[in-house]
>>> print(open('entry_16.pdb').read())   # PDB, C-alpha atoms
ATOM      1  CA  ASP A  92    -123.200 -17.100 -23.143
ATOM      2  CA  SER A  93    -122.535 -16.405 -19.461
ATOM      3  CA  LEU A  94    -118.943 -15.452 -20.221
ATOM      4  CA  ALA A  95    -120.047 -13.263 -23.108
ATOM      5  CA  MET A  96    -122.382 -11.386 -20.764
ATOM      6  CA  LEU A  97    -119.419 -10.491 -18.549
ATOM      7  CA  LYS A  98    -117.885  -8.496 -21.434
ATOM      8  CA  LEU A  99    -114.372  -9.449 -20.370
ATOM      9  CA  ASN A 100    -112.848  -7.469 -23.233
ATOM     10  CA  ASP A 101    -114.186  -4.295 -21.627
ATOM     11  CA  TRP A 102    -112.481  -4.921 -18.282
ATOM     12  CA  LYS A 103    -109.632  -2.609 -17.396
ATOM     13  CA  ALA A 104    -106.676  -4.319 -15.761
ATOM     14  CA  GLU A 105    -105.645  -2.823 -12.428
ATOM     15  CA  GLY A 106    -102.680  -3.197 -10.127
ATOM     16  CA  ALA A 107     -99.030  -2.241  -9.946
ATOM     17  CA  ALA A 108     -97.303  -1.393 -13.226
ATOM     18  CA  MET A 109     -94.170  -3.367 -14.167
ATOM     19  CA  LEU A 110     -92.378  -1.668 -17.056
ATOM     20  CA  THR A 111     -91.446  -3.311 -20.323
ATOM     21  CA  ASP A 112     -89.708  -1.889 -23.383
ATOM     22  CA  PRO A 113     -88.545  -3.589 -26.615
ATOM     23  CA  ASP A 114     -85.502  -1.268 -26.568
ATOM     24  CA  SER A 115     -84.422  -2.184 -23.034
ATOM     25  CA  ALA A 116     -81.034  -3.634 -24.068
ATOM     26  CA  ARG A 117     -80.154  -0.365 -25.800
ATOM     27  CA  LYS A 118     -81.068   1.744 -22.765
ATOM     28  CA  VAL A 119     -79.265  -0.160 -20.005
ATOM     29  CA  GLN A 120     -75.881   1.409 -19.257
ATOM     30  CA  VAL A 121     -73.033  -1.007 -18.606
ATOM     31  CA  ILE A 122     -70.441   0.462 -16.241
ATOM     32  CA  GLU A 123     -67.423  -1.581 -17.433
ATOM     33  CA  PRO A 124     -68.114  -2.645 -21.039
ATOM     34  CA  GLN A 125     -64.695  -4.249 -21.419
ATOM     35  CA  ASN A 126     -65.489  -6.711 -18.613
ATOM     36  CA  SER A 127     -69.160  -7.269 -19.419
ATOM     37  CA  SER A 128     -71.232  -9.901 -21.170
ATOM     38  CA  ILE A 129     -74.543  -9.795 -22.984
ATOM     39  CA  GLY A 130     -76.232 -10.842 -19.733
ATOM     40  CA  ASP A 131     -75.306  -7.476 -18.215
ATOM     41  CA  LEU A 132     -77.844  -5.845 -20.530
ATOM     42  CA  MET A 133     -80.484  -7.287 -18.185
ATOM     43  CA  GLY A 134     -79.177  -5.100 -15.375
ATOM     44  CA  THR A 135     -79.631  -6.834 -12.032
ATOM     45  CA  GLY A 136     -82.884  -8.485 -13.091
ATOM     46  CA  ARG A 137     -86.526  -7.950 -12.287
ATOM     47  CA  THR A 138     -86.880  -7.936  -8.515
ATOM     48  CA  TRP A 139     -90.565  -7.268  -7.927
ATOM     49  CA  ASP A 140     -92.272  -9.453 -10.535
ATOM     50  CA  PRO A 141     -91.965 -12.823  -8.725
ATOM     51  CA  VAL A 142     -92.148 -11.398  -5.193
ATOM     52  CA  LEU A 143     -95.410  -9.474  -5.435
ATOM     53  CA  LEU A 144     -97.144 -11.901  -7.781
ATOM     54  CA  LEU A 145     -96.423 -14.800  -5.406
ATOM     55  CA  MET A 146     -98.021 -12.738  -2.639
ATOM     56  CA  GLY A 147    -101.173 -12.361  -4.713
ATOM     57  CA  VAL A 148    -100.595  -8.678  -5.466
ATOM     58  CA  PRO A 149    -102.288  -7.640  -8.739
ATOM     59  CA  ALA A 150     -99.764  -6.369 -11.276
ATOM     60  CA  ARG A 151     -99.323  -6.165 -15.027
ATOM     61  CA  TYR A 152     -96.750  -5.202 -17.631
ATOM     62  CA  VAL A 153     -96.988  -1.696 -19.069
ATOM     63  CA  GLN A 154     -95.097  -0.040 -21.913
ATOM     64  CA  VAL A 155     -92.743   2.580 -20.526
ATOM     65  CA  SER A 156     -94.370   5.262 -22.707
ATOM     66  CA  LYS A 157     -97.667   4.687 -20.856
ATOM     67  CA  ALA A 158     -96.267   4.501 -17.321
ATOM     68  CA  SER A 159     -97.267   8.090 -16.529
ATOM     69  CA  ASP A 160    -100.926   6.989 -16.689
ATOM     70  CA  GLU A 161    -100.402   4.654 -13.714
ATOM     71  CA  ASP A 162    -100.760   5.367  -9.981
ATOM     72  CA  LEU A 163     -98.125   2.847  -8.874
ATOM     73  CA  ILE A 164     -94.949   1.812 -10.701
ATOM     74  CA  LEU A 165     -92.351  -0.826  -9.752
ATOM     75  CA  LEU A 166     -88.703  -0.231 -10.688
ATOM     76  CA  ASP A 167     -85.591  -2.386 -10.338
ATOM     77  CA  GLY A 168     -82.002  -2.283 -11.582
ATOM     78  CA  LEU A 169     -83.160  -3.079 -15.123
ATOM     79  CA  THR A 170     -86.352  -1.075 -15.533
ATOM     80  CA  ALA A 171     -84.989   2.101 -13.890
ATOM     81  CA  TRP A 172     -82.988   2.642 -17.101
ATOM     82  CA  LEU A 173     -86.029   2.438 -19.389
ATOM     83  CA  PRO A 174     -87.829   5.812 -18.963
ATOM     84  CA  ASP A 175     -86.236   8.911 -20.456
ATOM     85  CA  ASP A 176     -85.902  11.984 -18.236
ATOM     86  CA  ASN A 177     -89.326  13.396 -19.121
ATOM     87  CA  GLU A 178     -90.992  10.038 -18.511
ATOM     88  CA  LEU A 179     -89.096   9.611 -15.255
ATOM     89  CA  ASP A 180     -90.212  13.018 -13.979
ATOM     90  CA  LYS A 181     -93.821  11.945 -14.503
ATOM     91  CA  ILE A 182     -93.255   8.535 -12.907
ATOM     92  CA  LEU A 183     -91.671  10.076  -9.808
ATOM     93  CA  SER A 184     -94.722  12.286  -9.344
ATOM     94  CA  LYS A 185     -96.743   9.097  -8.726
ATOM     95  CA  GLY A 186     -96.132   6.173  -6.347
ATOM     96  CA  VAL A 187     -92.892   4.271  -6.991
ATOM     97  CA  LEU A 188     -91.458   1.155  -5.350
ATOM     98  CA  LEU A 189     -87.683   0.749  -5.822
ATOM     99  CA  ASP A 190     -85.228  -1.976  -4.992
ATOM    100  CA  CYS A 191     -81.742  -0.781  -3.999
ATOM    101  CA  LYS A 192     -80.395  -1.233  -7.529
ATOM    102  CA  ALA A 193     -83.155   0.938  -8.995
ATOM    103  CA  ALA A 194     -82.286   3.593  -6.407
ATOM    104  CA  GLU A 195     -78.630   3.296  -7.436
ATOM    105  CA  VAL A 196     -79.533   3.824 -11.098
ATOM    106  CA  LEU A 197     -81.743   6.831 -10.327
ATOM    107  CA  GLU A 198     -79.015   8.349  -8.173
ATOM    108  CA  LYS A 199     -76.577   7.997 -11.098
ATOM    109  CA  ARG A 200     -79.154   9.689 -13.316
ATOM    110  CA  GLY A 201     -79.317  12.694 -10.970
ATOM    111  CA  TYR A 202     -82.562  11.915  -9.123
ATOM    112  CA  ARG A 203     -81.266  11.431  -5.581
ATOM    113  CA  ASP A 204     -83.290  14.382  -4.265
ATOM    114  CA  MET A 205     -86.457  12.864  -5.731
ATOM    115  CA  ILE A 206     -86.072   9.408  -4.136
ATOM    116  CA  GLY A 207     -84.881  10.382  -0.654
ATOM    117  CA  VAL A 208     -81.960   7.959  -0.342
ATOM    118  CA  SER A 209     -78.352   7.515  -1.329
ATOM    119  CA  VAL A 210     -77.053   4.008  -1.952
ATOM    120  CA  GLY A 211     -73.856   3.014  -0.170
ATOM    121  CA  ASP A 212     -71.709  -0.105  -0.166
ATOM    122  CA  MET A 213     -73.006  -3.628  -0.447
ATOM    123  CA  PHE A 214     -73.071  -5.771   2.671
ATOM    124  CA  HIS A 215     -73.469  -9.518   2.958
ATOM    125  CA  CYS A 216     -75.833 -10.977   5.511
ATOM    126  CA  GLN A 217     -76.996 -14.525   4.817
ATOM    127  CA  SER A 218     -79.014 -14.784   8.039
ATOM    128  CA  SER A 219     -80.625 -11.700   9.536
ATOM    129  CA  ALA A 220     -83.782 -10.233  11.021
ATOM    130  CA  GLU A 221     -86.048  -7.366  10.027
ATOM    131  CA  VAL A 222     -87.778  -5.012  12.450
ATOM    132  CA  PHE A 223     -90.961  -3.181  11.491
ATOM    133  CA  HIS A 224     -91.233   0.275  13.037
ATOM    134  CA  GLY A 225     -94.930   0.998  12.715
ATOM    135  CA  LEU A 226     -95.592   4.266  10.830
ATOM    136  CA  ILE A 227     -97.955   3.064   8.080
ATOM    137  CA  LEU A 228     -97.882  -0.432   9.629
ATOM    138  CA  ASN A 229    -100.299   0.375  12.420
ATOM    139  CA  ASP A 230    -100.706  -3.175  13.716
ATOM    140  CA  MET A 231     -97.031  -4.119  13.334
ATOM    141  CA  GLU A 232     -95.274  -1.809  15.780
ATOM    142  CA  ALA A 233     -91.842  -3.203  16.718
ATOM    143  CA  LYS A 234     -92.521  -6.551  15.029
ATOM    144  CA  ARG A 235     -89.341  -8.541  14.437
ATOM    145  CA  MET A 236     -89.003 -11.524  12.138
ATOM    146  CA  PRO A 237     -86.261 -13.754  10.711
ATOM    147  CA  LEU A 238     -85.144 -12.747   7.222
ATOM    148  CA  ARG A 239     -83.110 -14.580   4.607
ATOM    149  CA  ILE A 240     -82.827 -14.023   0.881
ATOM    150  CA  PRO A 241     -80.861 -16.131  -1.628
ATOM    151  CA  GLY A 242     -77.303 -14.791  -1.749
ATOM    152  CA  GLY A 243     -77.818 -12.581   1.291
ATOM    153  CA  ASN A 244     -76.686  -9.407  -0.493
ATOM    154  CA  TRP A 245     -77.993  -5.984   0.491
ATOM    155  CA  SER A 246     -77.083  -2.352  -0.121
ATOM    156  CA  LYS A 247     -76.701   0.226   2.617
ATOM    157  CA  LEU A 248     -79.335   2.940   2.267
ATOM    158  CA  VAL A 249     -78.590   6.447   3.538
ATOM    159  CA  PRO A 250     -81.947   8.230   4.031
ATOM    160  CA  SER A 251     -82.289  11.965   3.426
ATOM    161  CA  PRO A 252     -83.331  14.095   6.447
ATOM    162  CA  ASN A 253     -87.008  14.111   5.402
ATOM    163  CA  ALA A 254     -87.213  10.380   4.717
ATOM    164  CA  LYS A 255     -88.648   7.860   7.183
ATOM    165  CA  VAL A 256     -87.275   4.405   7.943
ATOM    166  CA  LEU A 257     -90.142   1.913   7.893
ATOM    167  CA  THR A 258     -88.117  -1.261   8.544
ATOM    168  CA  SER A 259     -84.558  -2.057   9.621
ATOM    169  CA  ILE A 260     -82.370  -5.058   8.820
ATOM    170  CA  ILE A 261     -80.298  -6.474  11.691
ATOM    171  CA  ASN A 262     -77.273  -8.676  11.059
ATOM    172  CA  PRO A 263     -76.196 -11.529  13.383
ATOM    173  CA  ILE A 264     -73.953  -9.232  15.472
ATOM    174  CA  GLY A 265     -76.718  -6.693  16.034
ATOM    175  CA  GLU A 266     -75.780  -3.995  13.514
ATOM    176  CA  MET A 267     -78.850  -2.238  12.105
ATOM    177  CA  GLN A 268     -79.323  -0.858   8.582
ATOM    178  CA  PRO A 269     -82.378   0.779   6.947
ATOM    179  CA  GLY A 270     -84.459  -1.876   5.214
ATOM    180  CA  THR A 271     -87.403   0.097   3.796
ATOM    181  CA  VAL A 272     -87.285   3.886   3.408
ATOM    182  CA  LEU A 273     -90.316   6.104   2.675
ATOM    183  CA  PHE A 274     -90.074   9.540   1.059
ATOM    184  CA  GLU A 275     -92.415  12.213  -0.325
ATOM    185  CA  ASN A 276     -90.753  14.369  -2.980
ATOM    186  CA  THR A 277     -91.310  17.870  -4.332
ATOM    187  CA  LEU A 278     -93.031  16.485  -7.442
ATOM    188  CA  GLY A 279     -95.850  15.275  -5.202
ATOM    189  CA  GLY A 280     -94.809  11.650  -5.532
ATOM    190  CA  ARG A 281     -94.247   8.969  -2.932
ATOM    191  CA  VAL A 282     -91.211   6.693  -3.128
ATOM    192  CA  ALA A 283     -90.386   3.557  -1.137
ATOM    193  CA  THR A 284     -86.936   1.958  -1.417
ATOM    194  CA  TYR A 285     -86.017  -1.546  -0.246
ATOM    195  CA  SER A 286     -82.460  -2.539   0.644
ATOM    196  CA  GLY A 287     -82.615  -5.888  -1.185
ATOM    197  CA  PHE A 288     -82.516  -6.697  -4.899
ATOM    198  CA  GLY A 289     -82.610  -9.548  -7.387
ATOM    199  CA  ASN A 290     -84.054 -12.856  -6.235
ATOM    200  CA  LEU A 291     -85.913 -11.984  -3.028
ATOM    201  CA  ALA A 292     -88.318 -14.864  -3.486
ATOM    202  CA  GLY A 293     -86.687 -17.210  -0.979
ATOM    203  CA  TYR A 294     -88.747 -19.292   1.414
ATOM    204  CA  ASP A 295     -87.716 -17.152   4.408
ATOM    205  CA  PHE A 296     -88.935 -13.922   2.793
ATOM    206  CA  PHE A 297     -92.615 -14.858   2.644
ATOM    207  CA  ASN A 298     -94.860 -14.841   5.709
ATOM    208  CA  HIS A 299     -98.057 -13.188   6.926
ATOM    209  CA  GLN A 300     -96.224 -10.121   8.212
ATOM    210  CA  ARG A 301     -94.519  -9.641   4.851
ATOM    211  CA  ILE A 302     -97.910  -9.702   3.161
ATOM    212  CA  SER A 303     -99.146  -7.020   5.569
ATOM    213  CA  TRP A 304     -95.978  -5.036   4.787
ATOM    214  CA  SER A 305     -96.611  -5.198   1.044
ATOM    215  CA  SER A 306    -100.295  -4.244   1.378
ATOM    216  CA  ALA A 307     -99.546  -1.249   3.607
ATOM    217  CA  LEU A 308     -96.665  -0.158   1.394
ATOM    218  CA  LEU A 309     -98.652  -0.281  -1.836
ATOM    219  CA  ASP A 310    -101.616   1.462  -0.202
ATOM    220  CA  TRP A 311     -99.358   4.266   1.020
ATOM    221  CA  LEU A 312     -97.631   4.654  -2.342
ATOM    222  CA  SER A 313    -100.940   4.815  -4.233
ATOM    223  CA  ARG A 314    -102.605   7.099  -1.640
ATOM    224  CA  ASN A 315    -105.107   4.376  -0.766
ATOM    225  CA  LYS A 316    -106.079   3.734  -4.392
ATOM    226  CA  PHE A 317    -104.604   0.255  -4.613
ATOM    227  CA  PRO A 318    -107.339  -2.182  -5.714
ATOM    228  CA  LEU A 319    -106.696  -5.108  -3.383
ATOM    229  CA  HIS A 320    -105.557  -5.939   0.135
ATOM    230  CA  VAL A 321    -103.749  -9.284   0.306
TER     231      VAL A 321
END
>>> encode(input="entry_16.pdb", output="structure tokens")
Amino acid sequence: DSLAMLKLNDWKAEGAAMLTDPDSARKVQVIEPQNSSIGDLMGTGRTWDPVLLLMGVPARYVQVSKASDEDLILLDGLTAWLPDDNELDKILSKGVLLDCKAAEVLEKRGYRDMIGVSVGDMFHCQSSAEVFHGLILNDMEAKRMPLRIPGGNWSKLVPSPNAKVLTSIINPIGEMQPGTVLFENTLGGRVATYSGFGNLAGYDFFNHQRISWSSALLDWLSRNKFPLHV
């Protein structure tokens, strides 16, 4: 009876939207079909699902046709292929978190000016550090932490003139590359792009500062509408 009084069926799920589509395999474009396998129809995999859920960030799966109803959408190298151009225009007028492979897909689709970055060559950095530059991270000015992800593969991000670099990745010889880039586009949307992709959920990725990073990032993207601070 107590559970019935809560009317759980009337609750509306909140949190970041992770796209799903039964036609995903048909929509993913394979660059070299002659050298590809059926696994390539999964793109580079779903980056954000395990990372944010392990941090306690509320998220749920949403049909791509309903993504325009959401305030905050997560895209990776697979799901960036799923919306058509009209759906993507609506998505990019909201808050969008991209991994580098999603940014690469959107650049190929002609949306570079809407995401504020170009994607350059891959670079390998098994052991590195990440510096937080403040901006929306008010209590994390110049914080520096060790950073490792499985595989250690990153993409070089080239920010547009109006974009802001929130974090930088430093390799063992001191070279610095943009890690997280923030951008506000002409559609009224906010876009954040991260230099990593794929399996970020390594033991050296998670810490208290990373949780603060994710909370601040999702708050900024959703214009302070995100339902939970972790």
>>> residues_near_point(input="entry_16.pdb", point="(-81.8, -7.4, 15.7)", cutoff="8 Å", atoms="only C-alpha atoms", output="ChimeraX atom specification")
/A:219-222,235,260-263,265-267
>>> write_last_selection(input="entry_16.pdb", atoms="C-alpha atoms", output="PDB file, in the frame of the given file")
ATOM      1  CA  SER A 219     -80.625 -11.700   9.536  1.00  0.00           C
ATOM      2  CA  ALA A 220     -83.782 -10.233  11.021  1.00  0.00           C
ATOM      3  CA  GLU A 221     -86.048  -7.366  10.027  1.00  0.00           C
ATOM      4  CA  VAL A 222     -87.778  -5.012  12.450  1.00  0.00           C
ATOM      5  CA  ARG A 235     -89.341  -8.541  14.437  1.00  0.00           C
ATOM      6  CA  ILE A 260     -82.370  -5.058   8.820  1.00  0.00           C
ATOM      7  CA  ILE A 261     -80.298  -6.474  11.691  1.00  0.00           C
ATOM      8  CA  ASN A 262     -77.273  -8.676  11.059  1.00  0.00           C
ATOM      9  CA  PRO A 263     -76.196 -11.529  13.383  1.00  0.00           C
ATOM     10  CA  GLY A 265     -76.718  -6.693  16.034  1.00  0.00           C
ATOM     11  CA  GLU A 266     -75.780  -3.995  13.514  1.00  0.00           C
ATOM     12  CA  MET A 267     -78.850  -2.238  12.105  1.00  0.00           C
TER      13      MET A 267
END
>>> closest_residue(input="entry_16.pdb", among="A:Val196, A:Leu169, A:Ala307, A:Leu238", to="Ala116 of chain A", atoms="only C-alpha atoms")
A:Leu169
>>> closest_residue(input="entry_16.pdb", among="A:Glu195, A:Val153, A:Met96, A:Trp139", to="Thr111 of chain A", atoms="all atoms listed in the file")
A:Val153
>>> resolve_selection(input="entry_16.pdb", expression="the PyMOL selection byres ((chain A and resi 297) around 12)", output="MDAnalysis selection string")
chainID A and resid 141:147 236:240 291:296 298:305
>>> atom_distance(input="entry_16.pdb", atom1="atom CA of Ala107 of chain A", atom2="atom CA of Gly211 of chain A")
27.5 Å
>>> resolve_selection(input="entry_16.pdb", expression="the PyMOL selection byres ((chain A and resi 170-180) around 8)", output="NGL selection string")
:A and (110-112 or 115 or 118-120 or 137 or 155-156 or 158-159 or 166-169 or 181-184 or 193 or 196-197 or 278)
>>> resolve_selection(input="entry_16.pdb", expression="the PyMOL selection byres ((chain A and resi 287) around 9)", output="list of chain:residue names")
A:Thr138, A:Asp190, A:Cys191, A:Lys192, A:Ile240, A:Gly243, A:Asn244, A:Trp245, A:Ser246, A:Gly270, A:Thr284, A:Tyr285, A:Ser286, A:Phe288, A:Gly289, A:Asn290, A:Leu291
>>> closest_residue(input="entry_16.pdb", among="A:Asp212, A:Asp140, A:Asp114, A:Asp310", to="Ala283 of chain A", atoms="only C-alpha atoms")
A:Asp310
>>> closest_residue(input="entry_16.pdb", among="A:Ala150, A:Val282, A:Ala95, A:Cys216", to="Gln268 of chain A", atoms="all atoms listed in the file")
A:Cys216
>>> atom_distance(input="entry_16.pdb", atom1="atom CA of Pro269 of chain A", atom2="atom CA of Glu161 of chain A")
27.7 Å
>>> build_atoms(input="entry_16.pdb", residues="segment 265-290 of chain A", atoms="N, CA and C atoms", output="CSV table (one decimal), in the coordinates of the input")
chain,number,residue,atom,x,y,z
A,265,GLY,N,-75.9,-7.8,15.5
A,265,GLY,CA,-76.7,-6.7,16.0
A,265,GLY,C,-76.6,-5.4,15.3
A,266,GLU,N,-75.9,-5.3,14.3
A,266,GLU,CA,-75.8,-4.0,13.5
A,266,GLU,C,-77.1,-3.8,12.7
A,267,MET,N,-77.6,-2.5,12.7
A,267,MET,CA,-78.8,-2.2,12.1
A,267,MET,C,-78.7,-1.3,10.9
A,268,GLN,N,-79.3,-1.7,9.8
A,268,GLN,CA,-79.3,-0.9,8.6
A,268,GLN,C,-80.8,-0.6,8.1
A,269,PRO,N,-81.0,0.6,7.5
A,269,PRO,CA,-82.4,0.8,6.9
A,269,PRO,C,-82.8,-0.3,6.0
A,270,GLY,N,-84.0,-0.9,6.1
A,270,GLY,CA,-84.5,-1.9,5.2
A,270,GLY,C,-85.4,-1.3,4.2
A,271,THR,N,-86.4,-0.6,4.7
A,271,THR,CA,-87.4,0.1,3.8
A,271,THR,C,-87.4,1.6,4.2
A,272,VAL,N,-87.3,2.4,3.2
A,272,VAL,CA,-87.3,3.9,3.4
A,272,VAL,C,-88.4,4.5,2.6
A,273,LEU,N,-89.2,5.4,3.3
A,273,LEU,CA,-90.3,6.1,2.7
A,273,LEU,C,-89.9,7.6,2.5
A,274,PHE,N,-90.4,8.1,1.4
A,274,PHE,CA,-90.1,9.5,1.1
A,274,PHE,C,-91.2,10.2,0.2
A,275,GLU,N,-91.5,11.4,0.5
A,275,GLU,CA,-92.4,12.2,-0.3
A,275,GLU,C,-91.6,13.3,-1.0
A,276,ASN,N,-91.6,13.4,-2.3
A,276,ASN,CA,-90.8,14.4,-3.0
A,276,ASN,C,-91.5,15.6,-3.4
A,277,THR,N,-90.7,16.6,-4.0
A,277,THR,CA,-91.3,17.9,-4.3
A,277,THR,C,-92.2,17.8,-5.6
A,278,LEU,N,-92.2,16.7,-6.3
A,278,LEU,CA,-93.0,16.5,-7.4
A,278,LEU,C,-94.4,16.0,-7.0
A,279,GLY,N,-94.6,15.8,-5.7
A,279,GLY,CA,-95.8,15.3,-5.2
A,279,GLY,C,-95.9,13.8,-5.2
A,280,GLY,N,-94.8,13.1,-5.5
A,280,GLY,CA,-94.8,11.6,-5.5
A,280,GLY,C,-94.4,11.0,-4.2
A,281,ARG,N,-94.7,9.8,-4.1
A,281,ARG,CA,-94.2,9.0,-2.9
A,281,ARG,C,-93.3,7.8,-3.4
A,282,VAL,N,-92.2,7.7,-2.7
A,282,VAL,CA,-91.2,6.7,-3.1
A,282,VAL,C,-90.9,5.8,-1.9
A,283,ALA,N,-90.8,4.5,-2.2
A,283,ALA,CA,-90.4,3.6,-1.1
A,283,ALA,C,-89.2,2.8,-1.7
A,284,THR,N,-88.1,2.7,-1.0
A,284,THR,CA,-86.9,2.0,-1.4
A,284,THR,C,-86.6,0.8,-0.5
A,285,TYR,N,-86.4,-0.4,-1.1
A,285,TYR,CA,-86.0,-1.5,-0.2
A,285,TYR,C,-84.5,-1.9,-0.4
A,286,SER,N,-83.9,-2.3,0.6
A,286,SER,CA,-82.5,-2.5,0.6
A,286,SER,C,-82.0,-3.8,-0.1
A,287,GLY,N,-82.9,-4.7,-0.4
A,287,GLY,CA,-82.6,-5.9,-1.2
A,287,GLY,C,-82.8,-5.7,-2.7
A,288,PHE,N,-82.4,-6.7,-3.4
A,288,PHE,CA,-82.5,-6.7,-4.9
A,288,PHE,C,-82.4,-8.1,-5.4
A,289,GLY,N,-82.8,-8.3,-6.7
A,289,GLY,CA,-82.6,-9.5,-7.4
A,289,GLY,C,-83.6,-10.6,-6.9
A,290,ASN,N,-83.2,-11.8,-6.6
A,290,ASN,CA,-84.1,-12.9,-6.2
A,290,ASN,C,-84.4,-12.8,-4.7
